[in-house]
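Undergrad: Data: structure-v8.cif, mmCIF, C-alpha atoms.
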```
data_run
#
loop_
_atom_site.label_atom_id
_atom_site.label_comp_id
_atom_site.auth_asym_id
_atom_site.auth_seq_id
_atom_site.Cartn_x
_atom_site.Cartn_y
_atom_site.Cartn_z
CA MET R 1 -8.55 -8.41 14.89
CA THR R 2 -7.17 -11.26 16.96
CA ASN R 3 -8.51 -12.11 20.39
CA THR R 4 -5.64 -10.08 21.90
CA ALA R 5 -6.97 -6.99 20.12
CA LYS R 6 -3.61 -6.53 18.40
CA PRO R 7 -3.70 -5.80 14.67
CA HIS R 8 -3.18 -9.07 12.80
CA LEU R 9 -0.88 -8.87 9.77
CA LEU R 10 -0.24 -11.39 7.02
CA VAL R 11 3.23 -11.36 5.44
CA VAL R 12 3.50 -13.25 2.15
CA GLU R 13 7.22 -13.59 1.45
CA ASP R 14 9.13 -16.53 -0.06
CA GLU R 15 12.55 -15.47 1.24
CA THR R 16 12.63 -17.16 4.65
CA LYS R 17 15.21 -14.85 6.24
CA VAL R 18 13.35 -11.73 5.11
CA ALA R 19 10.02 -13.12 6.30
CA LEU R 20 11.37 -14.00 9.75
CA PHE R 21 13.09 -10.61 10.05
CA ILE R 22 9.82 -8.83 9.30
CA LYS R 23 7.81 -11.09 11.61
CA LYS R 24 10.15 -10.69 14.59
CA GLY R 25 10.49 -6.96 14.08
CA LEU R 26 6.76 -6.26 13.75
CA GLU R 27 5.96 -8.43 16.76
CA THR R 28 8.13 -6.11 18.87
CA GLN R 29 5.70 -3.35 17.79
CA SER R 30 2.68 -5.03 19.44
CA LEU R 31 1.50 -6.55 16.16
CA THR R 32 0.51 -10.15 15.51
CA VAL R 33 2.11 -11.58 12.37
CA THR R 34 1.35 -14.69 10.32
CA VAL R 35 3.76 -15.65 7.52
CA ALA R 36 2.93 -17.40 4.24
CA ALA R 37 5.83 -18.75 2.17
CA ASP R 38 4.12 -18.50 -1.22
CA GLY R 39 1.12 -16.99 -2.97
CA ARG R 40 -0.97 -20.16 -2.80
CA GLU R 41 -0.60 -20.38 0.98
CA GLY R 42 -1.31 -16.66 1.25
CA LYS R 43 -4.53 -17.10 -0.74
CA ARG R 44 -5.62 -19.96 1.51
CA LEU R 45 -5.00 -17.92 4.67
CA ILE R 46 -6.83 -14.90 3.30
CA SER R 47 -9.81 -17.14 2.54
CA SER R 48 -9.90 -18.68 6.01
CA GLU R 49 -8.68 -16.00 8.45
CA ARG R 50 -9.24 -12.31 9.13
CA PHE R 51 -6.33 -9.89 8.79
CA ASP R 52 -6.02 -6.14 9.34
CA LEU R 53 -3.22 -5.64 6.79
CA VAL R 54 -1.30 -7.70 4.24
CA ILE R 55 2.35 -7.28 3.21
CA LEU R 56 3.04 -8.85 -0.18
CA ASP R 57 6.11 -9.62 -2.24
CA VAL R 58 5.41 -9.46 -5.98
CA ASN R 59 7.49 -12.38 -7.25
CA LEU R 60 5.93 -15.29 -5.36
CA PRO R 61 5.72 -19.00 -6.23
CA PHE R 62 2.38 -20.38 -7.54
CA VAL R 63 0.38 -17.13 -7.22
CA SER R 64 2.07 -13.77 -7.80
CA GLY R 65 1.69 -10.83 -5.45
CA LEU R 66 -0.26 -8.93 -8.12
CA GLU R 67 -2.72 -11.80 -8.54
CA LEU R 68 -3.01 -12.12 -4.79
CA ALA R 69 -3.72 -8.39 -4.38
CA GLU R 70 -6.49 -8.64 -6.96
CA TYR R 71 -7.92 -11.66 -5.14
CA ILE R 72 -7.85 -9.79 -1.81
CA ARG R 73 -9.77 -6.93 -3.39
CA THR R 74 -12.56 -9.33 -4.40
CA LYS R 75 -12.83 -10.35 -0.74
CA ASN R 76 -12.20 -7.05 1.02
CA ALA R 77 -12.12 -3.73 -0.81
CA GLN R 78 -10.72 -1.79 2.14
CA MET R 79 -8.07 -4.02 3.77
CA PRO R 80 -4.68 -2.27 3.46
CA ILE R 81 -2.14 -3.93 1.16
CA LEU R 82 1.56 -3.02 1.25
CA MET R 83 3.72 -4.26 -1.62
CA LEU R 84 7.28 -5.02 -0.48
CA THR R 85 9.44 -5.89 -3.48
CA ALA R 86 12.69 -5.29 -5.34
CA LEU R 87 10.69 -4.14 -8.39
CA ASP R 88 10.67 -0.37 -7.98
CA SER R 89 10.18 1.27 -11.39
CA THR R 90 7.25 3.62 -11.98
CA THR R 91 5.63 0.94 -14.17
CA ASP R 92 6.03 -1.67 -11.41
CA LYS R 93 4.46 0.69 -8.89
CA LEU R 94 1.52 1.49 -11.16
CA MET R 95 0.91 -2.23 -11.72
CA GLY R 96 0.94 -2.75 -7.97
CA PHE R 97 -1.49 0.09 -7.31
CA GLU R 98 -3.77 -1.05 -10.15
CA ALA R 99 -3.83 -4.55 -8.64
CA GLY R 100 -5.09 -3.04 -5.38
CA ALA R 101 -2.01 -2.09 -3.36
CA ASP R 102 -2.29 0.90 -1.02
CA ASP R 103 1.44 1.45 -0.60
CA TYR R 104 4.66 0.26 -2.21
CA LEU R 105 8.05 -0.13 -0.50
CA ALA R 106 11.14 -1.21 -2.43
CA LYS R 107 13.75 -3.65 -1.17
CA PRO R 108 16.19 -3.19 0.43
CA PHE R 109 14.17 -1.25 2.98
CA ASP R 110 14.68 0.45 6.31
CA PHE R 111 12.73 -1.39 9.02
CA LEU R 112 11.64 1.81 10.76
CA GLU R 113 10.18 3.04 7.48
CA LEU R 114 8.29 -0.25 7.13
CA VAL R 115 6.84 0.22 10.62
CA ALA R 116 5.84 3.81 9.80
CA ARG R 117 4.11 2.69 6.60
CA VAL R 118 2.26 -0.10 8.41
CA ARG R 119 1.10 2.25 11.18
CA ALA R 120 -0.08 4.83 8.64
CA LEU R 121 -2.05 2.23 6.67
CA LEU R 122 -3.69 0.90 9.82
CA ARG R 123 -4.69 4.43 10.85
CA ARG R 124 -6.09 5.17 7.41
CA SER R 125 -8.20 2.01 7.41
CA ALA R 126 -9.92 3.06 10.64
CA PRO R 127 -13.60 4.13 10.24
CA PRO R 128 -14.05 7.75 9.11
CA GLU R 129 -15.02 10.45 11.57
CA GLU R 130 -18.75 10.50 12.18
CA SER R 131 -18.72 14.31 11.98
CA GLN R 132 -18.12 14.19 8.21
CA PRO R 133 -19.63 11.01 6.79
CA ILE R 134 -20.23 12.70 3.42
CA LEU R 135 -17.98 15.22 1.67
CA ARG R 136 -19.44 17.45 -1.07
CA LEU R 137 -18.44 19.97 -3.72
CA ALA R 138 -20.99 21.20 -6.28
CA ASP R 139 -22.72 18.07 -7.61
CA LEU R 140 -19.92 15.76 -6.44
CA GLU R 141 -20.26 13.80 -3.21
CA LEU R 142 -18.19 11.18 -1.44
CA ASP R 143 -19.88 8.88 1.06
CA ARG R 144 -17.02 7.89 3.35
CA GLN R 145 -19.01 5.26 5.20
CA GLN R 146 -20.53 3.50 2.20
CA LYS R 147 -17.32 4.03 0.18
CA VAL R 148 -19.27 5.43 -2.78
CA ALA R 149 -18.63 8.47 -4.98
CA ARG R 150 -21.32 10.16 -7.09
CA ARG R 151 -21.49 13.09 -9.47
CA ALA R 152 -24.79 14.50 -10.70
CA GLY R 153 -26.46 11.38 -9.39
CA ARG R 154 -24.25 8.89 -11.27
CA THR R 155 -22.15 6.45 -9.30
CA ILE R 156 -18.41 6.64 -9.98
CA ASP R 157 -16.39 3.43 -9.77
CA LEU R 158 -13.15 4.19 -7.88
CA THR R 159 -10.24 2.04 -6.81
CA ALA R 160 -9.20 2.23 -3.15
CA ARG R 161 -6.31 4.53 -4.10
CA GLU R 162 -8.51 6.84 -6.17
CA PHE R 163 -11.03 6.97 -3.31
CA ALA R 164 -8.29 8.01 -0.87
CA LEU R 165 -7.04 10.67 -3.29
CA LEU R 166 -10.52 12.11 -3.83
CA ASP R 167 -11.14 12.09 -0.07
CA TYR R 168 -7.96 14.12 0.47
CA LEU R 169 -8.80 16.61 -2.29
CA LEU R 170 -12.32 17.10 -0.95
CA ARG R 171 -11.06 17.64 2.58
CA ASN R 172 -8.76 20.32 1.15
CA GLN R 173 -11.12 21.75 -1.48
CA GLY R 174 -10.20 25.26 -2.58
CA ARG R 175 -6.59 24.82 -1.42
CA VAL R 176 -3.71 24.05 -3.76
CA VAL R 177 -2.03 20.81 -2.68
CA SER R 178 1.42 19.91 -3.93
CA ARG R 179 2.62 16.53 -5.11
CA VAL R 180 4.60 16.33 -1.87
CA ASP R 181 1.39 16.88 0.13
CA ILE R 182 -0.38 14.14 -1.80
CA ALA R 183 2.56 11.74 -1.50
CA GLU R 184 2.73 12.17 2.26
CA GLN R 185 -1.02 12.23 2.98
CA VAL R 186 -2.36 9.72 0.48
CA TRP R 187 0.60 7.46 -0.25
CA ASP R 188 2.31 7.92 3.15
CA VAL R 189 5.68 8.15 1.44
CA GLY R 190 8.26 10.85 0.92
CA PHE R 191 8.09 12.53 -2.47
CA ASP R 192 10.12 10.76 -5.16
CA THR R 193 11.04 13.23 -7.91
CA GLY R 194 11.79 10.32 -10.22
CA THR R 195 8.21 9.04 -10.44
CA ASN R 196 5.03 10.38 -12.01
CA VAL R 197 2.69 8.02 -10.16
CA ILE R 198 0.82 10.89 -8.49
CA ASP R 199 0.23 12.71 -11.78
CA VAL R 200 -1.01 9.48 -13.36
CA TYR R 201 -3.52 8.94 -10.55
CA VAL R 202 -4.76 12.51 -10.64
CA ASN R 203 -5.42 11.97 -14.36
CA TYR R 204 -7.22 8.69 -13.61
CA LEU R 205 -9.43 10.56 -11.15
CA ARG R 206 -9.95 13.52 -13.49
CA ASN R 207 -11.18 11.20 -16.24
CA LYS R 208 -13.72 9.66 -13.89
CA ILE R 209 -14.85 12.88 -12.18
CA ASP R 210 -14.68 15.55 -14.90
CA LYS R 211 -14.84 13.81 -18.27
CA GLY R 212 -18.00 14.83 -20.10
CA GLU R 213 -19.01 17.29 -17.38
CA PRO R 214 -19.57 20.98 -18.29
CA VAL R 215 -17.97 22.14 -15.04
CA LYS R 216 -14.49 20.83 -14.24
CA LEU R 217 -13.58 20.36 -10.59
CA ILE R 218 -9.96 19.10 -10.65
CA HIS R 219 -7.52 21.79 -11.77
CA THR R 220 -3.76 21.84 -12.32
CA VAL R 221 -1.86 24.80 -10.90
CA VAL R 222 1.33 24.79 -12.95
CA GLY R 223 4.44 24.69 -10.78
CA PHE R 224 2.47 24.12 -7.58
CA GLY R 225 0.16 21.11 -7.76
CA TYR R 226 -3.59 20.55 -7.89
CA VAL R 227 -6.76 22.09 -6.50
CA LEU R 228 -10.32 20.80 -6.29
CA LYS R 229 -12.77 23.67 -6.70
CA GLU R 230 -15.76 24.87 -8.70
CA LYS R 231 -14.78 27.69 -11.04
#
```
Could I get this structure in the form of structure tokens?

TA:
Amino acid sequence: MTNTAKPHLLVVEDETKVALFIKKGLETQSLTVTVAADGREGKRLISSERFDLVILDVNLPFVSGLELAEYIRTKNAQMPILMLTALDSTTDKLMGFEAGADDYLAKPFDFLELVARVRALLRRSAPPEESQPILRLADLELDRQQKVARRAGRTIDLTAREFALLDYLLRNQGRVVSRVDIAEQVWDVGFDTGTNVIDVYVNYLRNKIDKGEPVKLIHTVVGFGYVLKEK
């Protein structure tokens, strides 16, 4: 945080008008904003300053937004990253999430939606409630403070997005959650019927949690969604 206690955001955007629009708008929301005009400058700022959230374009000079997201993840596994780009296909989104993005907003965008996404990411990055530091189901456990998942004693390597998805499923274990529920609670976006990103990530998680295990915990409920439970 900055010395004013306002969340400090970094916006990496090479279109000057767009960058200034975002900066001025977010500063009216009691947020402090620093702008970098290219990926190289963004990388330098990330290395030298502390930020609470980063907004990245994908097509940036010198260092792309995808490369920059991967670099951020080597420095800070939990800092929220919002991709803001004109590239909005399912493949583009998956590449962004795989690089480390927590959310993905396509240009042109509605400013109020941008603010809502930023607020949601900042809330999600807050420390977990002390009342439930560890979530469990059968031999699966999720340590929300140490950011570690284990099953039958083995450590499971999860991306930040997979961790958030597993956290949501564990908090709702035994209840069928729809793709709309997951989109709103884990991605903080309205459900897009034209994308299969959620299904892809559930499969990523299933391969890491259930593959090779005699008891499966992630189940598909055809026509409704998914449920985490021990059969």

Undergrad: Under the rule of at most 8 Å, produce a per-residue listing of region 81-157 of chain R near region 33-56 of chain R: chain, number, name, the closest pair of atoms, and the distance in Å, as a Markdown table, using all atoms listed in the file.

TA:
```
| residue | atom | partner | partner_atom | distance |
| --- | --- | --- | --- | --- |
| R:Ile81 | CA | R:Val54 | CA | 4.9 |
| R:Leu82 | CA | R:Ile55 | CA | 4.8 |
| R:Met83 | CA | R:Leu56 | CA | 4.9 |
| R:Leu84 | CA | R:Leu56 | CA | 5.7 |
| R:Thr85 | CA | R:Leu56 | CA | 7.8 |
| R:Val118 | CA | R:Leu53 | CA | 8.0 |
| R:Leu121 | CA | R:Leu53 | CA | 8.0 |
| R:Leu122 | CA | R:Leu53 | CA | 7.2 |
```

Undergrad: At what distance in Å, to one decimal, does CA of Tyr168 (chain R) lie from CA of Pro133 (chain R)?

TA: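 Between CA of Pro133 (chain R) and CA of Tyr168 (chain R) the gap works out to 13.6 Å.
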
Undergrad: Under the PyMOL selection byres ((chain R and resi 136) around 10), which residues of this model are included? Write them out as a list of chain:residue names.

TA: R:Gln132, R:Ile134, R:Leu135, R:Leu137, R:Ala138, R:Asp139, R:Leu140, R:Glu141, R:Leu142, R:Asp143, R:Ala149, R:Arg150, R:Arg151, R:Asp167, R:Leu170, R:Arg171, R:Gln173

Undergrad: As an exercise, work out the distance from CA of Glu13 (chain R) to CA of Thr32 (chain R) in Å and give it to one decimal place.

TA: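 Rounded to one decimal, the two atoms are 16.0 Å apart.
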
Undergrad: Which value, in Å to one decimal, gives the distance between CA of Thr90 (chain R) and CA of Val202 (chain R)?

TA: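 Interatomic distance here is 15.0 Å.
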
Undergrad: Which residue gives the smallest distance to Phe62 (chain R) among R:Leu165, R:Asp181, R:Asp14, R:Ala120, with all atoms listed in the file counted?

TA: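 Closest candidate: R:Asp14.
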
Undergrad: Please tell me which residues are no farther than 8 Å from (-12.3, 22.6, -6.9) in the file, counting only C-alpha atoms, and write them as a list in words.

TA: Leu137, Gln173, Gly174, Lys216, Leu217, Ile218, His219, Val227, Leu228, Lys229, Glu230 and Lys231 of chain R

Undergrad: Please, could you write that set of residues out with C-alpha atoms as a compact mmCIF listing (two decimals), in the frame of the given file?

TA:
```txt
# COMPACT_ATOMS: atom_id res chain seq x y z
CA LEU R 137 -18.44 19.97 -3.72
CA GLN R 173 -11.12 21.75 -1.48
CA GLY R 174 -10.20 25.26 -2.58
CA LYS R 216 -14.49 20.83 -14.24
CA LEU R 217 -13.58 20.36 -10.59
CA ILE R 218 -9.96 19.10 -10.65
CA HIS R 219 -7.52 21.79 -11.77
CA VAL R 227 -6.76 22.09 -6.50
CA LEU R 228 -10.32 20.80 -6.29
CA LYS R 229 -12.77 23.67 -6.70
CA GLU R 230 -15.76 24.87 -8.70
CA LYS R 231 -14.78 27.69 -11.04
```

Undergrad: For Tyr204 (chain R), find every residue with an atom within 12 Å (counting all atoms listed in the file), except residues of its own chain fewer than 3 positions away, and show them as a count of residues only.

TA: 22

Undergrad: Counting only C-alpha atoms, which of R:Gly96, R:Glu15, R:Leu26, R:Phe224 gets nearest to Phe111 (chain R)?

TA: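 Result for the nearest residue to Phe111 (chain R): R:Leu26.
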
Undergrad: Measuring atom to atom with only C-alpha atoms, identify which of R:Pro80, R:Gly225, R:Pro108, R:Gly153 is nearest to Ile182 (chain R).

TA: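 Looking at the shortest contact to Ile182 (chain R), the residue is R:Gly225.
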
Undergrad: Considering all atoms listed in the file, state which residue in the set R:Ala19, R:Ala99, R:Leu9, R:Ala160 is at the smallest distance from Ser64 (chain R).

TA: R:Ala99

Undergrad: Taking (3.3, 23.3, -9.3) in the file's coordinates as the center, which residues reach within 9 Å of it, counting all atoms listed in the file, put as a ChimeraX atom specification?

TA: /R:176-179,220-226

Undergrad: Compile the contact shell of Asp88 (chain R) as a PyMOL selection string: residues with an atom at most 9 Å away, counting only C-alpha atoms, same-chain residues fewer than 4 positions apart removed.

TA: chain R and resi 92-93+104-107

Undergrad: Kindly indicate which residue among R:Gln185, R:Asn172, R:Gln78, R:Asn196 lies nearest to Arg144 (chain R), using only C-alpha atoms for the distances.

TA: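 Result for the nearest residue to Arg144 (chain R): R:Gln78.
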
Undergrad: Using only C-alpha atoms for the distances, tell me which of R:Val18, R:Val63, R:Val58, R:Ala152 is nearest to Glu213 (chain R).

TA: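 The shortest atom-to-atom distance to Glu213 (chain R) comes from R:Ala152.
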
Undergrad: Might I get the box with edges along x, y and z of the file that holds all atoms of region 105-120 of chain R listed there, padded by 3 Å on every side, given as centre and edge lengths in Å to one decimal, as lines of an AutoDock Vina configuration file?

TA:
```
center_x = 8.1
center_y = 0.6
center_z = 4.4
size_x = 22.3
size_y = 14.5
size_z = 19.6
```
